[in-house]
Amino acid sequence: MLQQIYPQVQHDFQYELNKDMHIAAAHFIPNDEAGKCRFVHGHTYFVNVTIAGDELDDSGFLVNFSRIKKIVHDRFDHTVLNDHKDLFNENDSDFFPTTEVVARTIWEVVQKELDGMKSAPKCVQVYVRETPTSYVVFRPKKQVEKE
Ligand SMILES: Nc1nc2c(c(=O)[nH]1)N=C([C@H](O)[C@H](O)COP(=O)(O)OP(=O)(O)OP(=O)(O)O)CN2
Ligand SMILES: [Zn+2]
């Protein structure tokens with residue numbers, strides 16, 4: 001059974017969808033301060049992506065759930081996160097595959113996909129649980145509307 005409880009996010013959109021995913025992946029944090037986590041090890045990440053918007057497409061979807069699964073789950077499942085050199089970088093701590101960076105990276109991947117849709121939905125929250133006792137929530141900063 002998938003994890004059912006995660007933080008709610010405030011927004012003014014009419015529709016909100018949530019997609020839960022389990023992602024089996026390995027990683028390591030290339031820094032001595034990471035302790036045992038500097039060695040390659042694996043997790044079954046639990047990921048929840050929250051997308052909000054005001055317009056549905058011709059199928060009555062805000063976004064097809066399977067599209068979210070394809071770009072997140074199918075990209076990372078059964079991979080070594082550090083091997084995704086286009087997303088993570090062992091020479092820059094802002095791009096180490098920590099839970100924080102994984103959450104932010106998933107947001108970037110999802111929002112880039114949504115930016116190509118004319119209904120312009122927004123990814124308003126990404127929740128990543130790395131272990132039974134540790135999780136991170138990433139929310140984008142609100143954009144200031146230009147006049
Ligand atoms: N802020 C962060 N701290 C740690 C991260 C991280 O991504 N962000 N990652 C790790 C390790 O990757 C580790 O896999 C997870 O750490 P932790 O929750 O401490 O693992 P435990 O199962 O040992 O937790 P216990 O609650 O002590 O059993 C480390 N820190
Ligand atoms: Zn880990």
# chains A, B, ... in the order shown; residues from 1 in each chain; ligands from 1
>>> closest_atom_pairs(of="chain A", to="ligand 1", cutoff="8 Å", atoms="only C-alpha atoms and all ligand atoms", output="JSON lines")
{"residue": "A:His27", "atom": "CA", "partner": "ligand 1", "partner_atom_place_in_ligand_line": "12 (O)", "distance": 7.5}
{"residue": "A:Phe28", "atom": "CA", "partner": "ligand 1", "partner_atom_place_in_ligand_line": "12 (O)", "distance": 6.7}
{"residue": "A:Ile29", "atom": "CA", "partner": "ligand 1", "partner_atom_place_in_ligand_line": "12 (O)", "distance": 6.7}
{"residue": "A:Ala34", "atom": "CA", "partner": "ligand 1", "partner_atom_place_in_ligand_line": "29 (C)", "distance": 6.0}
{"residue": "A:Gly35", "atom": "CA", "partner": "ligand 1", "partner_atom_place_in_ligand_line": "29 (C)", "distance": 7.6}
{"residue": "A:Lys36", "atom": "CA", "partner": "ligand 1", "partner_atom_place_in_ligand_line": "11 (C)", "distance": 7.4}
{"residue": "A:Cys37", "atom": "CA", "partner": "ligand 1", "partner_atom_place_in_ligand_line": "11 (C)", "distance": 4.5}
{"residue": "A:Arg38", "atom": "CA", "partner": "ligand 1", "partner_atom_place_in_ligand_line": "12 (O)", "distance": 7.7}
{"residue": "A:His41", "atom": "CA", "partner": "ligand 1", "partner_atom_place_in_ligand_line": "14 (O)", "distance": 7.3}
{"residue": "A:Gly42", "atom": "CA", "partner": "ligand 1", "partner_atom_place_in_ligand_line": "14 (O)", "distance": 7.6}
{"residue": "A:His43", "atom": "CA", "partner": "ligand 1", "partner_atom_place_in_ligand_line": "14 (O)", "distance": 7.2}
{"residue": "A:Pro97", "atom": "CA", "partner": "ligand 1", "partner_atom_place_in_ligand_line": "7 (O)", "distance": 7.1}
{"residue": "A:Thr98", "atom": "CA", "partner": "ligand 1", "partner_atom_place_in_ligand_line": "7 (O)", "distance": 3.4}
{"residue": "A:Thr99", "atom": "CA", "partner": "ligand 1", "partner_atom_place_in_ligand_line": "7 (O)", "distance": 3.7}
{"residue": "A:Glu100", "atom": "CA", "partner": "ligand 1", "partner_atom_place_in_ligand_line": "7 (O)", "distance": 6.0}
{"residue": "A:Val101", "atom": "CA", "partner": "ligand 1", "partner_atom_place_in_ligand_line": "7 (O)", "distance": 7.7}
{"residue": "A:Glu130", "atom": "CA", "partner": "ligand 1", "partner_atom_place_in_ligand_line": "15 (C)", "distance": 6.5}
{"residue": "A:Thr131", "atom": "CA", "partner": "ligand 1", "partner_atom_place_in_ligand_line": "18 (O)", "distance": 5.6}
{"residue": "A:Pro132", "atom": "CA", "partner": "ligand 1", "partner_atom_place_in_ligand_line": "22 (O)", "distance": 7.0}
{"residue": "A:Thr133", "atom": "CA", "partner": "ligand 1", "partner_atom_place_in_ligand_line": "26 (O)", "distance": 4.8}
{"residue": "A:Ser134", "atom": "CA", "partner": "ligand 1", "partner_atom_place_in_ligand_line": "18 (O)", "distance": 4.7}
{"residue": "A:Tyr135", "atom": "CA", "partner": "ligand 1", "partner_atom_place_in_ligand_line": "18 (O)", "distance": 8.0}
{"residue": "A:Val136", "atom": "CA", "partner": "ligand 1", "partner_atom_place_in_ligand_line": "8 (N)", "distance": 7.9}
>>> write_last_selection(atoms="N, CA and C atoms", output="mmCIF file, in the first residue's frame")
data_model
loop_
_atom_site.group_PDB
_atom_site.id
_atom_site.type_symbol
_atom_site.label_atom_id
_atom_site.label_comp_id
_atom_site.auth_asym_id
_atom_site.auth_seq_id
_atom_site.Cartn_x
_atom_site.Cartn_y
_atom_site.Cartn_z
ATOM 1 N N HIS A 27 21.875 5.430 -4.670
ATOM 2 C CA HIS A 27 22.603 6.697 -4.751
ATOM 3 C C HIS A 27 23.723 6.695 -3.728
ATOM 4 N N PHE A 28 24.572 7.698 -3.813
ATOM 5 C CA PHE A 28 25.529 7.985 -2.744
ATOM 6 C C PHE A 28 25.752 9.485 -2.720
ATOM 7 N N ILE A 29 26.122 9.965 -1.527
ATOM 8 C CA ILE A 29 26.362 11.403 -1.361
ATOM 9 C C ILE A 29 27.885 11.589 -1.264
ATOM 10 N N ALA A 34 28.550 12.997 4.947
ATOM 11 C CA ALA A 34 27.350 12.171 4.730
ATOM 12 C C ALA A 34 27.450 10.834 5.454
ATOM 13 N N GLY A 35 28.591 10.569 6.098
ATOM 14 C CA GLY A 35 28.744 9.332 6.871
ATOM 15 C C GLY A 35 28.556 8.110 5.992
ATOM 16 N N LYS A 36 27.706 7.172 6.485
ATOM 17 C CA LYS A 36 27.530 5.916 5.739
ATOM 18 C C LYS A 36 26.857 6.164 4.386
ATOM 19 N N CYS A 37 26.190 7.312 4.245
ATOM 20 C CA CYS A 37 25.489 7.608 2.984
ATOM 21 C C CYS A 37 26.440 7.981 1.861
ATOM 22 N N ARG A 38 27.761 8.068 2.184
ATOM 23 C CA ARG A 38 28.706 8.337 1.088
ATOM 24 C C ARG A 38 29.005 7.072 0.289
ATOM 25 N N HIS A 41 24.133 2.948 -1.791
ATOM 26 C CA HIS A 41 23.074 2.194 -1.108
ATOM 27 C C HIS A 41 21.756 2.500 -1.806
ATOM 28 N N GLY A 42 20.746 1.718 -1.476
ATOM 29 C CA GLY A 42 19.482 1.868 -2.193
ATOM 30 C C GLY A 42 18.315 2.235 -1.304
ATOM 31 N N HIS A 43 17.302 2.806 -1.927
ATOM 32 C CA HIS A 43 16.048 3.143 -1.239
ATOM 33 C C HIS A 43 14.880 2.784 -2.144
ATOM 34 N N PRO A 97 22.711 14.009 -5.159
ATOM 35 C CA PRO A 97 21.363 13.426 -5.102
ATOM 36 C C PRO A 97 20.859 13.201 -3.670
ATOM 37 N N THR A 98 20.808 14.283 -2.901
ATOM 38 C CA THR A 98 20.201 14.247 -1.572
ATOM 39 C C THR A 98 18.676 14.248 -1.734
ATOM 40 N N THR A 99 17.982 13.996 -0.655
ATOM 41 C CA THR A 99 16.516 14.017 -0.745
ATOM 42 C C THR A 99 16.034 15.393 -1.196
ATOM 43 N N GLU A 100 16.667 16.440 -0.662
ATOM 44 C CA GLU A 100 16.291 17.811 -1.027
ATOM 45 C C GLU A 100 16.458 18.047 -2.530
ATOM 46 N N VAL A 101 17.623 17.662 -3.033
ATOM 47 C CA VAL A 101 17.920 17.914 -4.453
ATOM 48 C C VAL A 101 17.062 17.011 -5.347
ATOM 49 N N GLU A 130 12.549 9.334 1.639
ATOM 50 C CA GLU A 130 13.697 8.479 1.314
ATOM 51 C C GLU A 130 13.742 7.251 2.210
ATOM 52 N N THR A 131 13.395 7.437 3.485
ATOM 53 C CA THR A 131 13.394 6.303 4.418
ATOM 54 C C THR A 131 12.112 6.411 5.255
ATOM 55 N N PRO A 132 11.813 5.385 6.053
ATOM 56 C CA PRO A 132 10.610 5.479 6.887
ATOM 57 C C PRO A 132 10.620 6.671 7.834
ATOM 58 N N THR A 133 11.822 7.241 8.102
ATOM 59 C CA THR A 133 11.899 8.334 9.081
ATOM 60 C C THR A 133 12.335 9.665 8.475
ATOM 61 N N SER A 134 12.510 9.720 7.161
ATOM 62 C CA SER A 134 13.065 10.948 6.561
ATOM 63 C C SER A 134 12.367 11.308 5.260
ATOM 64 N N TYR A 135 11.883 12.557 5.194
ATOM 65 C CA TYR A 135 11.302 13.025 3.936
ATOM 66 C C TYR A 135 11.535 14.513 3.762
ATOM 67 N N VAL A 136 11.369 14.962 2.510
ATOM 68 C CA VAL A 136 11.523 16.376 2.154
ATOM 69 C C VAL A 136 10.326 16.804 1.324
#
>>> residues_around(residues="Val102 (chain A)", least_positions_apart="3", cutoff="12 Å", atoms="only C-alpha atoms", output="PyMOL selection string")
chain A and resi 23+25+27+29+45-47+72+76+81-82+84+87-89+94-99+105-109+126-130+135-138
>>> atom_distance(atom1="CA of Met21 (chain A)", atom2="CA of Asp86 (chain A)")
21.9 Å
>>> select_by_dssp(residues="chain A", states="helix (DSSP H, G or I)", output="NGL selection string")
:A and (32-38 or 65-71 or 73-76 or 81-83 or 93-95 or 99-115)
>>> closest_residue(among="A:Val9, A:Cys123, A:Val80, A:Leu62", to="ligand 2", atoms="only C-alpha atoms and all ligand atoms")
A:Val80
>>> residues_around(residues="Lys69 (chain A)", least_positions_apart="5", cutoff="9 Å", atoms="only C-alpha atoms", output="ChimeraX atom specification")
/A:19-21,74-75
>>> atom_distance(atom1="CA of Pro30 (chain A)", atom2="CA of Asp92 (chain A)")
9.6 Å
>>> residues_around(residues="Pro121 (chain A)", least_positions_apart="4", cutoff="9 Å", atoms="only C-alpha atoms", output="PyMOL selection string")
chain A and resi 51-55+62-63+111+114-115+117
>>> atom_distance(atom1="CA of Leu56 (chain A)", atom2="CA of Arg139 (chain A)")
22.7 Å
>>> closest_residue(among="A:Ser119, A:Ser93, A:Ser66, A:Thr44", to="ligand 2", atoms="only C-alpha atoms and all ligand atoms")
A:Thr44
>>> select_by_dssp(residues="chain A", states="strand (DSSP E)", output="ChimeraX atom specification")
/A:15-27,41-53,79-80,122-131,134-138
>>> closest_residue(among="A:Ala103, A:Val110, A:Val49, A:Ile68", to="Glu16 (chain A)", atoms="only C-alpha atoms")
A:Val49
>>> closest_residue(among="A:Gln8, A:Val40, A:Phe65, A:Gln14", to="ligand 2", atoms="only C-alpha atoms and all ligand atoms")
A:Val40
